[in-house]
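Just data_30.cif here, mmCIF, C-alpha atoms and all ligand atoms:
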data_data
#
loop_
_atom_site.label_atom_id
_atom_site.label_comp_id
_atom_site.auth_asym_id
_atom_site.auth_seq_id
_atom_site.Cartn_x
_atom_site.Cartn_y
_atom_site.Cartn_z
CA MET A 1 163.28 -0.61 24.86
CA ALA A 2 164.76 -1.74 28.20
CA THR A 3 164.27 -5.40 29.05
CA LYS A 4 165.33 -7.16 32.20
CA SER A 5 167.04 -10.54 31.94
CA SER A 6 166.31 -12.05 35.35
CA ALA A 7 163.15 -12.21 37.44
CA SER A 8 163.40 -10.48 40.78
CA ALA A 9 159.83 -10.83 42.14
CA LYS A 10 159.45 -13.19 45.08
CA HIS A 11 156.31 -14.98 43.89
CA VAL A 12 156.81 -15.36 40.18
CA PRO A 13 153.66 -16.94 38.68
CA ALA A 14 154.01 -20.10 36.62
CA PHE A 15 154.75 -19.04 33.09
CA GLU A 16 154.98 -21.41 30.12
CA ARG A 17 156.17 -19.35 27.16
CA HIS A 18 155.72 -22.07 24.52
CA GLY A 19 158.87 -21.13 22.66
CA LEU A 20 158.03 -17.41 22.37
CA SER A 21 161.05 -15.09 22.62
CA ASP A 22 161.08 -11.96 24.80
CA GLU A 23 160.72 -9.93 21.63
CA GLN A 24 157.61 -11.86 20.57
CA LEU A 25 156.06 -11.54 24.04
CA VAL A 26 156.65 -7.78 24.04
CA SER A 27 155.19 -7.57 20.54
CA MET A 28 152.03 -9.33 21.78
CA LEU A 29 151.71 -6.90 24.70
CA ARG A 30 152.21 -4.01 22.28
CA THR A 31 149.37 -5.32 20.08
CA MET A 32 147.09 -5.63 23.13
CA LEU A 33 147.87 -2.11 24.36
CA MET A 34 147.50 -0.65 20.87
CA GLN A 35 144.14 -2.39 20.45
CA ARG A 36 142.88 -0.93 23.71
CA THR A 37 144.14 2.58 22.97
CA LEU A 38 142.73 2.67 19.44
CA GLU A 39 139.47 1.22 20.58
CA SER A 40 138.95 3.81 23.28
CA ARG A 41 139.90 6.46 20.70
CA GLY A 42 137.06 5.17 18.52
CA PHE A 43 134.58 5.53 21.39
CA GLN A 44 135.90 9.04 22.25
CA LEU A 45 135.61 10.22 18.65
CA ASN A 46 132.08 8.86 18.45
CA ARG A 47 131.04 10.64 21.65
CA GLN A 48 132.60 13.85 20.29
CA GLY A 49 130.37 13.52 17.24
CA LYS A 50 133.35 13.13 14.91
CA ILE A 51 132.70 9.58 13.70
CA PRO A 52 129.38 7.75 13.32
CA PHE A 53 130.26 4.36 14.74
CA ALA A 54 132.86 2.05 16.29
CA SER A 55 132.73 -1.49 17.59
CA ALA A 56 134.28 -2.77 20.78
CA SER A 57 136.76 -5.56 21.43
CA GLU A 58 137.85 -5.06 25.06
CA GLY A 59 138.18 -8.51 26.61
CA HIS A 60 139.30 -10.07 23.32
CA GLU A 61 142.89 -8.74 23.39
CA ALA A 62 144.56 -11.95 24.57
CA VAL A 63 142.99 -14.29 22.05
CA GLN A 64 143.66 -11.88 19.22
CA ALA A 65 147.31 -11.13 20.11
CA GLY A 66 147.97 -14.85 20.56
CA ALA A 67 146.28 -15.81 17.29
CA ALA A 68 148.12 -13.05 15.39
CA MET A 69 151.45 -14.39 16.63
CA ALA A 70 150.51 -17.83 15.23
CA PHE A 71 149.78 -16.34 11.79
CA HIS A 72 152.51 -16.51 9.12
CA ARG A 73 152.65 -13.16 7.35
CA GLY A 74 153.17 -13.46 3.62
CA SER A 75 151.62 -16.92 3.26
CA ASP A 76 148.61 -17.47 5.56
CA ILE A 77 145.19 -15.89 4.96
CA LEU A 78 143.19 -14.21 7.72
CA VAL A 79 139.40 -14.03 7.39
CA PRO A 80 138.39 -12.04 10.48
CA TYR A 81 135.14 -10.53 11.70
CA TYR A 82 134.26 -7.03 12.89
CA ARG A 83 135.52 -7.52 16.47
CA ASP A 84 139.10 -8.37 15.43
CA LEU A 85 140.91 -5.04 15.72
CA GLY A 86 143.78 -6.65 17.70
CA LEU A 87 144.13 -9.55 15.27
CA ASP A 88 144.30 -7.13 12.34
CA LEU A 89 146.88 -4.97 14.16
CA GLY A 90 148.83 -8.09 15.14
CA ILE A 91 149.28 -9.16 11.50
CA GLY A 92 150.45 -5.70 10.45
CA LEU A 93 147.57 -3.21 10.16
CA SER A 94 148.74 0.29 11.17
CA ALA A 95 147.20 2.88 13.50
CA ASP A 96 146.81 5.20 10.49
CA GLU A 97 144.78 2.57 8.62
CA VAL A 98 142.51 2.14 11.65
CA LEU A 99 141.88 5.87 12.02
CA LEU A 100 141.29 6.34 8.29
CA SER A 101 138.66 3.60 8.50
CA LEU A 102 136.97 5.19 11.53
CA PHE A 103 136.92 8.63 9.87
CA ALA A 104 135.84 7.04 6.53
CA ARG A 105 138.40 9.05 4.59
CA ALA A 106 139.42 8.48 0.96
CA GLY A 107 142.82 7.06 2.02
CA ASP A 108 141.16 4.18 3.90
CA LEU A 109 141.92 0.68 2.57
CA SER A 110 138.39 0.48 1.14
CA GLY A 111 138.40 4.08 -0.05
CA GLY A 112 136.25 5.13 2.92
CA ARG A 113 133.25 3.07 1.89
CA GLN A 114 133.36 0.09 4.22
CA PHE A 115 131.90 -0.26 7.69
CA PRO A 116 134.40 0.89 10.39
CA HIS A 117 136.90 -1.82 11.42
CA HIS A 118 136.22 -3.79 8.21
CA TYR A 119 139.64 -4.03 6.63
CA ALA A 120 141.00 -5.75 3.55
CA SER A 121 144.62 -5.93 2.43
CA ARG A 122 146.02 -8.27 -0.22
CA GLU A 123 149.51 -7.44 1.03
CA LEU A 124 148.71 -8.56 4.59
CA GLY A 125 146.69 -11.61 3.52
CA LEU A 126 143.68 -9.93 5.15
CA HIS A 127 140.42 -10.96 3.55
CA SER A 128 137.58 -8.49 3.12
CA ILE A 129 134.59 -9.11 5.40
CA SER A 130 130.97 -8.15 5.63
CA SER A 131 128.95 -7.49 8.77
CA VAL A 132 126.56 -10.30 7.98
CA ILE A 133 127.10 -12.82 10.74
CA ALA A 134 128.92 -16.00 9.55
CA ALA A 135 129.10 -14.80 5.92
CA GLN A 136 132.90 -14.94 6.14
CA LEU A 137 132.91 -18.68 6.88
CA PRO A 138 132.07 -20.02 3.38
CA HIS A 139 134.56 -17.47 1.97
CA ALA A 140 137.24 -18.81 4.29
CA ALA A 141 136.44 -22.44 3.44
CA GLY A 142 136.60 -21.46 -0.25
CA ALA A 143 140.03 -19.87 0.20
CA ALA A 144 141.25 -23.02 1.98
CA TYR A 145 139.80 -25.15 -0.84
CA ALA A 146 141.73 -23.03 -3.37
CA ILE A 147 144.97 -23.55 -1.44
CA LYS A 148 144.35 -27.29 -1.52
CA LEU A 149 143.38 -27.39 -5.22
CA ARG A 150 146.54 -25.47 -6.11
CA LYS A 151 148.57 -27.93 -4.01
CA GLN A 152 150.14 -25.07 -2.08
CA THR A 153 151.82 -26.44 1.01
CA GLY A 154 152.73 -24.49 4.13
CA ARG A 155 149.71 -22.16 3.86
CA ALA A 156 146.54 -22.09 5.91
CA VAL A 157 143.45 -19.95 6.50
CA LEU A 158 142.53 -18.58 9.92
CA VAL A 159 138.85 -17.65 10.20
CA THR A 160 137.28 -16.09 13.30
CA PHE A 161 133.72 -15.59 14.53
CA GLY A 162 131.68 -15.18 17.70
CA ASP A 163 129.53 -17.61 19.68
CA GLY A 164 126.39 -16.19 18.02
CA ALA A 165 127.74 -17.02 14.56
CA THR A 166 127.68 -20.72 15.42
CA SER A 167 123.87 -20.67 15.14
CA GLU A 168 124.01 -19.71 11.47
CA GLY A 169 123.67 -22.25 8.66
CA GLU A 170 126.86 -21.02 6.96
CA TRP A 171 128.82 -21.95 10.06
CA HIS A 172 127.66 -25.58 9.91
CA GLU A 173 128.09 -25.82 6.16
CA SER A 174 131.63 -24.45 6.33
CA LEU A 175 132.81 -26.79 9.07
CA ASN A 176 131.24 -29.77 7.34
CA PHE A 177 132.77 -28.88 3.96
CA ALA A 178 136.21 -28.23 5.51
CA ALA A 179 136.21 -31.56 7.34
CA ILE A 180 135.05 -33.57 4.29
CA HIS A 181 137.84 -32.11 2.16
CA ALA A 182 140.45 -31.98 4.97
CA LEU A 183 141.02 -28.29 4.20
CA PRO A 184 143.93 -26.23 5.57
CA ILE A 185 141.84 -24.03 7.86
CA VAL A 186 141.46 -23.16 11.53
CA PHE A 187 138.06 -22.09 12.86
CA LEU A 188 138.62 -19.79 15.84
CA CYS A 189 135.56 -19.01 17.95
CA GLU A 190 135.87 -15.95 20.20
CA ASN A 191 133.24 -17.00 22.69
CA ASN A 192 132.45 -13.86 24.70
CA GLU A 193 129.15 -15.25 26.05
CA TRP A 194 127.02 -12.57 24.36
CA ALA A 195 125.64 -11.94 20.88
CA ILE A 196 124.63 -8.30 21.37
CA SER A 197 121.86 -8.85 23.98
CA THR A 198 121.49 -12.63 23.54
CA PRO A 199 123.32 -14.55 26.27
CA LEU A 200 125.09 -17.83 25.56
CA SER A 201 122.36 -19.74 27.43
CA LYS A 202 119.83 -18.62 24.80
CA GLN A 203 122.20 -19.45 21.94
CA MET A 204 123.00 -23.07 22.78
CA ALA A 205 121.93 -25.61 25.37
CA GLN A 206 125.46 -26.73 26.12
CA PRO A 207 128.01 -23.92 26.35
CA ASP A 208 131.07 -25.56 24.77
CA VAL A 209 131.38 -24.67 21.09
CA HIS A 210 134.50 -26.82 20.65
CA LYS A 211 132.54 -30.00 21.50
CA ARG A 212 130.60 -29.59 18.27
CA ALA A 213 133.78 -30.36 16.30
CA ALA A 214 133.24 -34.07 16.92
CA GLY A 215 129.99 -33.89 14.97
CA TYR A 216 131.90 -32.83 11.86
CA GLY A 217 134.90 -35.14 12.31
CA MET A 218 137.57 -32.65 13.28
CA PRO A 219 139.46 -31.94 16.53
CA GLY A 220 137.94 -29.38 18.90
CA VAL A 221 140.09 -27.51 21.42
CA ALA A 222 139.12 -25.12 24.23
CA VAL A 223 141.54 -22.48 25.47
CA ASP A 224 141.53 -19.75 28.12
CA GLY A 225 140.89 -16.69 25.95
CA MET A 226 142.25 -14.39 28.66
CA ASN A 227 145.74 -15.97 28.39
CA PRO A 228 147.57 -14.73 25.26
CA VAL A 229 150.35 -17.32 25.41
CA ALA A 230 147.90 -20.22 25.77
CA CYS A 231 145.91 -18.82 22.83
CA TYR A 232 149.08 -18.55 20.77
CA LYS A 233 149.89 -22.21 21.50
CA ALA A 234 146.38 -23.50 20.67
CA VAL A 235 146.15 -21.55 17.40
CA ALA A 236 149.81 -22.22 16.42
CA ASP A 237 149.34 -25.98 16.84
CA ALA A 238 146.11 -25.94 14.83
CA MET A 239 147.62 -23.78 12.06
CA GLU A 240 150.66 -26.04 11.83
CA ARG A 241 148.38 -29.04 11.54
CA ALA A 242 146.45 -27.29 8.76
CA ARG A 243 149.60 -26.17 6.92
CA SER A 244 151.03 -29.67 6.92
CA GLY A 245 147.96 -31.37 5.44
CA GLY A 246 146.36 -32.49 8.74
CA GLY A 247 143.02 -30.79 8.04
CA PRO A 248 140.84 -28.35 9.98
CA THR A 249 140.54 -27.70 13.74
CA LEU A 250 137.90 -25.86 15.74
CA VAL A 251 139.50 -23.76 18.50
CA GLU A 252 137.26 -22.10 21.08
CA ALA A 253 138.75 -19.23 23.09
CA LYS A 254 136.64 -18.40 26.15
CA CYS A 255 136.71 -14.65 26.64
CA TYR A 256 134.25 -11.88 27.52
CA ARG A 257 133.01 -8.63 26.00
CA PHE A 258 133.64 -5.88 28.58
CA LEU A 259 131.96 -3.01 26.69
CA SER A 260 128.69 -2.55 24.88
CA HIS A 261 128.44 -4.34 21.52
CA THR A 262 129.19 -1.08 19.66
CA THR A 263 128.91 2.68 20.21
CA ASP A 264 125.22 2.29 19.22
CA ASP A 265 124.45 -0.21 21.98
CA ASP A 266 123.78 0.26 25.71
CA ASP A 267 124.49 -3.01 27.52
CA ARG A 268 122.93 -1.71 30.76
CA THR A 269 119.57 -2.62 29.25
CA TYR A 270 120.32 -6.35 29.26
CA ARG A 271 123.14 -7.26 31.68
CA SER A 272 124.03 -6.19 35.19
CA ARG A 273 126.99 -3.99 36.17
CA GLU A 274 127.84 -6.63 38.78
CA GLU A 275 128.35 -9.23 36.08
CA VAL A 276 130.61 -6.95 34.03
CA ASP A 277 132.57 -5.74 37.08
CA GLU A 278 133.15 -9.32 38.17
CA ARG A 279 134.49 -10.31 34.75
CA ARG A 280 136.67 -7.17 34.60
CA LYS A 281 138.69 -8.63 37.44
CA ASN A 282 140.03 -11.04 34.82
CA ASP A 283 141.10 -8.28 32.40
CA PRO A 284 143.81 -9.84 30.19
CA VAL A 285 145.74 -6.62 29.50
CA PRO A 286 146.94 -5.64 33.00
CA ALA A 287 147.36 -9.36 33.78
CA PHE A 288 149.77 -9.84 30.86
CA GLU A 289 151.62 -6.64 31.77
CA ARG A 290 152.12 -7.97 35.30
CA LEU A 291 153.16 -11.40 34.05
CA LEU A 292 155.88 -9.95 31.81
CA ILE A 293 157.13 -7.64 34.56
CA GLU A 294 157.14 -10.37 37.23
CA ASN A 295 159.01 -12.71 34.92
CA GLY A 296 161.64 -10.14 34.05
CA VAL A 297 160.69 -9.80 30.39
CA LEU A 298 160.04 -6.05 30.77
CA THR A 299 160.51 -3.48 33.52
CA ALA A 300 157.57 -1.44 34.81
CA ASP A 301 159.30 1.65 33.35
CA ALA A 302 159.51 -0.02 29.93
CA VAL A 303 155.76 -0.78 30.03
CA ALA A 304 155.01 2.86 30.94
CA GLU A 305 157.22 4.01 28.05
CA LEU A 306 155.46 1.60 25.67
CA LYS A 307 152.08 3.07 26.67
CA ARG A 308 153.35 6.62 26.09
CA GLU A 309 154.65 5.65 22.64
CA ILE A 310 151.32 4.04 21.72
CA LEU A 311 149.33 7.07 22.87
CA THR A 312 151.55 9.41 20.85
CA GLU A 313 151.22 7.16 17.79
CA THR A 314 147.42 7.11 18.24
CA ASN A 315 147.19 10.90 18.69
CA GLU A 316 149.32 11.57 15.61
CA ALA A 317 147.36 9.05 13.51
CA THR A 318 144.09 10.66 14.69
CA ASP A 319 145.21 14.14 13.62
CA ARG A 320 146.52 12.89 10.27
CA ALA A 321 143.34 10.95 9.45
CA GLU A 322 141.00 13.76 10.50
CA ALA A 323 142.82 16.15 8.15
CA MET A 324 142.38 13.82 5.15
CA PRO A 325 139.64 14.33 2.52
CA TYR A 326 136.45 12.30 2.18
CA PRO A 327 136.05 10.06 -0.89
CA LEU A 328 134.62 11.69 -4.00
CA PRO A 329 131.26 10.55 -5.43
CA ARG A 330 132.94 9.73 -8.75
CA ASP A 331 135.11 7.09 -6.98
CA LEU A 332 132.07 5.16 -5.78
CA TYR A 333 132.79 2.17 -8.02
CA SER A 334 136.59 2.24 -7.97
CA LYS A 335 138.23 -0.83 -6.40
CA VAL A 336 134.86 -2.61 -6.53
CA TYR A 337 134.99 -4.19 -10.02
CA ALA A 338 138.05 -5.41 -11.91
CA ASP A 339 137.67 -2.93 -14.78
CA THR A 340 136.27 0.58 -15.01
CA TYR A 341 132.56 0.28 -14.33
CA GLU A 342 130.33 3.32 -14.35
CA PRO A 343 126.72 2.13 -14.18
CA TRP A 344 125.35 5.65 -14.72
CA ARG A 345 126.82 5.70 -18.29
C1 LIG A 401 122.83 -12.64 9.61
C2 LIG A 401 122.85 -11.55 10.64
N1 LIG A 401 121.95 -11.56 11.63
C3 LIG A 401 121.98 -10.60 12.59
C4 LIG A 401 122.91 -9.59 12.53
C5 LIG A 401 122.95 -8.52 13.62
N2 LIG A 401 124.12 -8.77 14.51
C6 LIG A 401 125.25 -8.07 14.36
S1 LIG A 401 126.42 -8.55 15.47
C7 LIG A 401 125.39 -9.72 16.14
C8 LIG A 401 125.85 -10.57 17.28
C9 LIG A 401 126.85 -11.59 16.93
O1 LIG A 401 127.33 -12.21 18.09
P1 LIG A 401 128.59 -13.14 18.09
O2 LIG A 401 128.61 -13.97 16.86
O3 LIG A 401 128.61 -13.83 19.40
O4 LIG A 401 129.81 -12.13 17.95
P2 LIG A 401 130.24 -10.97 18.99
O5 LIG A 401 129.63 -9.72 18.42
O6 LIG A 401 129.72 -11.32 20.33
O7 LIG A 401 131.72 -10.94 18.95
C10 LIG A 401 124.15 -9.72 15.50
C11 LIG A 401 123.04 -10.58 15.88
C12 LIG A 401 123.83 -9.60 11.47
N3 LIG A 401 124.80 -8.70 11.35
N4 LIG A 401 123.80 -10.60 10.55
MG MG A 402 129.58 -13.25 21.15
#

Full structure transcribed into structure tokens:
Amino acid sequence: MATKSSASAKHVPAFERHGLSDEQLVSMLRTMLMQRTLESRGFQLNRQGKIPFASASEGHEAVQAGAAMAFHRGSDILVPYYRDLGLDLGIGLSADEVLLSLFARAGDLSGGRQFPHHYASRELGLHSISSVIAAQLPHAAGAAYAIKLRKQTGRAVLVTFGDGATSEGEWHESLNFAAIHALPIVFLCENNEWAISTPLSKQMAQPDVHKRAAGYGMPGVAVDGMNPVACYKAVADAMERARSGGGPTLVEAKCYRFLSHTTDDDDRTYRSREEVDERRKNDPVPAFERLLIENGVLTADAVAELKREILTETNEATDRAEAMPYPLPRDLYSKVYADTYEPWR
């Protein structure tokens, strides 16, 4: 892909790259564009009646691409939640795996039996999740505890969740446990100001999740969740601290959910179009595209080519997945228990 070595724009915006190479910056933009393309494919397929359900993550691209770049593949463990399509893609999930999940085909990572966008891959260090809000947090703290017990250095767990999850008991228990045992874990809150139809103001009386870290005895950091490089830096610092025995950190990325909660939700029933339109002005995807072009990391032509490549990849993955078979009833219990288990026998 063509890259440009020197900036030619007159008013180049301030740009702190925090040690990221051109290649890493382009990879982050690719993840963000892929997330957006695959996500809109999920909504299209649902509206065509081809898949039952998809969740939305528009507005979360920057935090997820930044966090994925801070993740060490092959050693760290990611415990995501359902809105983390970009984070999953950023650590190595493929377009084919996403489409197989949406179509619930037998070749899906879970054999076509999980909720859409719920991935698990031992190879990627991607922990299985459930849709139960905050249920992943004790699992993540447990994984971090295991790393510590086994005296494995240079590894950490990255667990993500929304603002709504912070009202659940498991959230408090997990932070408390992690701080007491100085576990190698980073708690990343993707604060999008909504929990389906519940606004942040009805979730907590003060809107800064990161301030709660003090109550558990760990550092709390807030970051602009619309800035992928700032998110990378905040999560990379926290992960490095965790990997080197410094204990847990709570990172809060302030972002926004641009779409309805899922394909089953209609956000017009609880928030105004004016609010959403206003927040759209701060869309992180075109902003990062512009930043990379204005700073000479990529040409406008190279960005257009990247988008064409991603659309082709998405179209081909869609056709391949749609042509695949559904799981067979006899495979219902495969990959669920360690040994062959057939409860009907
Ligand atoms: C324990 C539990 N309660 C309620 C639900 C229904 N539910 C699904 S998503 C959601 C909102 C969660 O909001 P937040 O944690 O802010 O994450 P976001 O979806 O905004 O990213 C709720 C209430 C659930 N899945 N689990
Ligand atoms: Mg939320």

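Ranking A:Ser21, A:Asn176, A:Gln64, A:Ser260 by their shortest atom-to-atom distance to Leu78 of chain A, with only C-alpha atoms included, puts A:Gln64 first.
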
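Computed from the coordinates, the atom CA of Ser131 of chain A to atom CA of Arg155 of chain A distance equals 25.9 Å.
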
Residues within 12 Å of Glu316 of chain A, only C-alpha atoms, excluding chain neighbours under 6 positions, as a PyMOL selection string: chain A and resi 38+41+95-96+99+309-310+322-323

Interface rows for chain A against ligand MG 402 (chain A): nearest pair, Å to one decimal, 6 Å, only C-alpha atoms and all ligand atoms, as a Markdown table:
| residue | atom | partner | partner_atom | distance |
| --- | --- | --- | --- | --- |
| A:Gly162 | CA | A:MG402 | MG | 4.5 |
| A:Asp163 | CA | A:MG402 | MG | 4.6 |
| A:Gly164 | CA | A:MG402 | MG | 5.3 |
| A:Asn191 | CA | A:MG402 | MG | 5.5 |
| A:Asn192 | CA | A:MG402 | MG | 4.6 |
| A:Glu193 | CA | A:MG402 | MG | 5.3 |
| A:Trp194 | CA | A:MG402 | MG | 4.2 |
| A:Ala195 | CA | A:MG402 | MG | 4.2 |

Test item: axis-aligned box, all listed atoms of segment 73-90 of chain A, 4 Å on each side, centre and edges in Å rounded to one decimal, as AutoDock Vina command-line options:
--center_x 143.7 --center_y -11.2 --center_z 10.5 --size_x 26.9 --size_y 20.5 --size_z 22.4

Each chain A residue no farther than 10 Å from ligand LIG 401 (chain A), nearest pair in Å, only C-alpha atoms and all ligand atoms, as JSON lines:
{"residue": "A:Ser55", "atom": "CA", "partner": "A:LIG401", "partner_atom": "O5", "distance": 8.8}
{"residue": "A:Ala56", "atom": "CA", "partner": "A:LIG401", "partner_atom": "O5", "distance": 8.7}
{"residue": "A:Ser57", "atom": "CA", "partner": "A:LIG401", "partner_atom": "O7", "distance": 7.8}
{"residue": "A:His60", "atom": "CA", "partner": "A:LIG401", "partner_atom": "O7", "distance": 8.8}
{"residue": "A:Tyr81", "atom": "CA", "partner": "A:LIG401", "partner_atom": "O7", "distance": 8.0}
{"residue": "A:Tyr82", "atom": "CA", "partner": "A:LIG401", "partner_atom": "O7", "distance": 7.6}
{"residue": "A:Arg83", "atom": "CA", "partner": "A:LIG401", "partner_atom": "O7", "distance": 5.7}
{"residue": "A:Asp84", "atom": "CA", "partner": "A:LIG401", "partner_atom": "O7", "distance": 8.6}
{"residue": "A:Ser130", "atom": "CA", "partner": "A:LIG401", "partner_atom": "N3", "distance": 8.4}
{"residue": "A:Ser131", "atom": "CA", "partner": "A:LIG401", "partner_atom": "N3", "distance": 5.0}
{"residue": "A:Val132", "atom": "CA", "partner": "A:LIG401", "partner_atom": "N4", "distance": 3.8}
{"residue": "A:Ile133", "atom": "CA", "partner": "A:LIG401", "partner_atom": "N4", "distance": 4.0}
{"residue": "A:Ala134", "atom": "CA", "partner": "A:LIG401", "partner_atom": "C1", "distance": 7.0}
{"residue": "A:Ala135", "atom": "CA", "partner": "A:LIG401", "partner_atom": "C1", "distance": 7.6}
{"residue": "A:Thr160", "atom": "CA", "partner": "A:LIG401", "partner_atom": "O7", "distance": 9.5}
{"residue": "A:Phe161", "atom": "CA", "partner": "A:LIG401", "partner_atom": "O2", "distance": 5.8}
{"residue": "A:Gly162", "atom": "CA", "partner": "A:LIG401", "partner_atom": "O2", "distance": 3.4}
{"residue": "A:Asp163", "atom": "CA", "partner": "A:LIG401", "partner_atom": "O3", "distance": 3.9}
{"residue": "A:Gly164", "atom": "CA", "partner": "A:LIG401", "partner_atom": "O2", "distance": 3.3}
{"residue": "A:Ala165", "atom": "CA", "partner": "A:LIG401", "partner_atom": "O2", "distance": 3.9}
{"residue": "A:Thr166", "atom": "CA", "partner": "A:LIG401", "partner_atom": "O2", "distance": 7.0}
{"residue": "A:Ser167", "atom": "CA", "partner": "A:LIG401", "partner_atom": "O2", "distance": 8.4}
{"residue": "A:Glu168", "atom": "CA", "partner": "A:LIG401", "partner_atom": "C1", "distance": 7.4}
{"residue": "A:Gly169", "atom": "CA", "partner": "A:LIG401", "partner_atom": "C1", "distance": 9.7}
{"residue": "A:Glu170", "atom": "CA", "partner": "A:LIG401", "partner_atom": "C1", "distance": 9.7}
{"residue": "A:Cys189", "atom": "CA", "partner": "A:LIG401", "partner_atom": "O2", "distance": 8.7}
{"residue": "A:Glu190", "atom": "CA", "partner": "A:LIG401", "partner_atom": "O7", "distance": 6.6}
{"residue": "A:Asn191", "atom": "CA", "partner": "A:LIG401", "partner_atom": "O3", "distance": 6.5}
{"residue": "A:Asn192", "atom": "CA", "partner": "A:LIG401", "partner_atom": "O6", "distance": 5.7}
{"residue": "A:Glu193", "atom": "CA", "partner": "A:LIG401", "partner_atom": "O3", "distance": 6.8}
{"residue": "A:Trp194", "atom": "CA", "partner": "A:LIG401", "partner_atom": "O6", "distance": 5.0}
{"residue": "A:Ala195", "atom": "CA", "partner": "A:LIG401", "partner_atom": "O1", "distance": 3.3}
{"residue": "A:Ile196", "atom": "CA", "partner": "A:LIG401", "partner_atom": "C8", "distance": 4.8}
{"residue": "A:Ser197", "atom": "CA", "partner": "A:LIG401", "partner_atom": "C8", "distance": 8.0}
{"residue": "A:Thr198", "atom": "CA", "partner": "A:LIG401", "partner_atom": "C8", "distance": 7.9}
{"residue": "A:Pro199", "atom": "CA", "partner": "A:LIG401", "partner_atom": "O3", "distance": 8.7}
{"residue": "A:Leu200", "atom": "CA", "partner": "A:LIG401", "partner_atom": "O3", "distance": 8.1}
{"residue": "A:Gln203", "atom": "CA", "partner": "A:LIG401", "partner_atom": "O3", "distance": 8.9}
{"residue": "A:Cys255", "atom": "CA", "partner": "A:LIG401", "partner_atom": "O7", "distance": 9.9}
{"residue": "A:Tyr256", "atom": "CA", "partner": "A:LIG401", "partner_atom": "O6", "distance": 8.5}
{"residue": "A:Arg257", "atom": "CA", "partner": "A:LIG401", "partner_atom": "O6", "distance": 7.1}
{"residue": "A:Ser260", "atom": "CA", "partner": "A:LIG401", "partner_atom": "O5", "distance": 9.7}
{"residue": "A:His261", "atom": "CA", "partner": "A:LIG401", "partner_atom": "O5", "distance": 6.3}
{"residue": "A:Thr262", "atom": "CA", "partner": "A:LIG401", "partner_atom": "O5", "distance": 8.7}

Requested write-out: C-alpha atoms of the selected residues, as a short mmCIF file (atom, residue, chain, number, x, y, z; two decimals), keeping the file's coordinate frame:
data_model
loop_
_atom_site.label_atom_id
_atom_site.label_comp_id
_atom_site.auth_asym_id
_atom_site.auth_seq_id
_atom_site.Cartn_x
_atom_site.Cartn_y
_atom_site.Cartn_z
CA SER A 55 132.73 -1.49 17.59
CA ALA A 56 134.28 -2.77 20.78
CA SER A 57 136.76 -5.56 21.43
CA HIS A 60 139.30 -10.07 23.32
CA TYR A 81 135.14 -10.53 11.70
CA TYR A 82 134.26 -7.03 12.89
CA ARG A 83 135.52 -7.52 16.47
CA ASP A 84 139.10 -8.37 15.43
CA SER A 130 130.97 -8.15 5.63
CA SER A 131 128.95 -7.49 8.77
CA VAL A 132 126.56 -10.30 7.98
CA ILE A 133 127.10 -12.82 10.74
CA ALA A 134 128.92 -16.00 9.55
CA ALA A 135 129.10 -14.80 5.92
CA THR A 160 137.28 -16.09 13.30
CA PHE A 161 133.72 -15.59 14.53
CA GLY A 162 131.68 -15.18 17.70
CA ASP A 163 129.53 -17.61 19.68
CA GLY A 164 126.39 -16.19 18.02
CA ALA A 165 127.74 -17.02 14.56
CA THR A 166 127.68 -20.72 15.42
CA SER A 167 123.87 -20.67 15.14
CA GLU A 168 124.01 -19.71 11.47
CA GLY A 169 123.67 -22.25 8.66
CA GLU A 170 126.86 -21.02 6.96
CA CYS A 189 135.56 -19.01 17.95
CA GLU A 190 135.87 -15.95 20.20
CA ASN A 191 133.24 -17.00 22.69
CA ASN A 192 132.45 -13.86 24.70
CA GLU A 193 129.15 -15.25 26.05
CA TRP A 194 127.02 -12.57 24.36
CA ALA A 195 125.64 -11.94 20.88
CA ILE A 196 124.63 -8.30 21.37
CA SER A 197 121.86 -8.85 23.98
CA THR A 198 121.49 -12.63 23.54
CA PRO A 199 123.32 -14.55 26.27
CA LEU A 200 125.09 -17.83 25.56
CA GLN A 203 122.20 -19.45 21.94
CA CYS A 255 136.71 -14.65 26.64
CA TYR A 256 134.25 -11.88 27.52
CA ARG A 257 133.01 -8.63 26.00
CA SER A 260 128.69 -2.55 24.88
CA HIS A 261 128.44 -4.34 21.52
CA THR A 262 129.19 -1.08 19.66
#

Taking into account all atoms listed in the file, which residue in the set A:Gln35, A:Ser101, A:Ser94, A:Asn227 is nearest to Asp283 of chain A? A:Asn227

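Between atom CA of His127 of chain A and atom CA of Gly142 of chain A lies a distance of 11.8 Å.
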
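Counting from atom CA of Ser174 of chain A, the distance to atom CA of Glu123 of chain A is 25.2 Å.
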
Do a neighbour search on Val159 of chain A at 8 Å with only C-alpha atoms, toss out local chain neighbours closer than 3 positions, and write the hits as number ranges by chain. A: 78-80, 136-137, 140, 185-188

Do a neighbour search on Ala287 of chain A at 12 Å with all atoms listed in the file, toss out local chain neighbours closer than 4 positions, and write the hits as JSON, numbers by chain. {"A": [13, 29, 32, 33, 59, 61, 62, 226, 227, 228, 229, 280, 281, 282, 283, 291, 292, 293, 294]}

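Of the residues listed (A:Phe288, A:Phe115, A:Tyr145, A:Phe258), A:Phe288 shows the shortest atom-to-atom separation from Phe15 of chain A; distances use only C-alpha atoms.
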
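You can rank A:Asp224, A:Glu289, A:Asp331, A:Glu240 by their closest distance to Thr153 of chain A using all atoms listed in the file, and at the top of that list sits A:Glu240.
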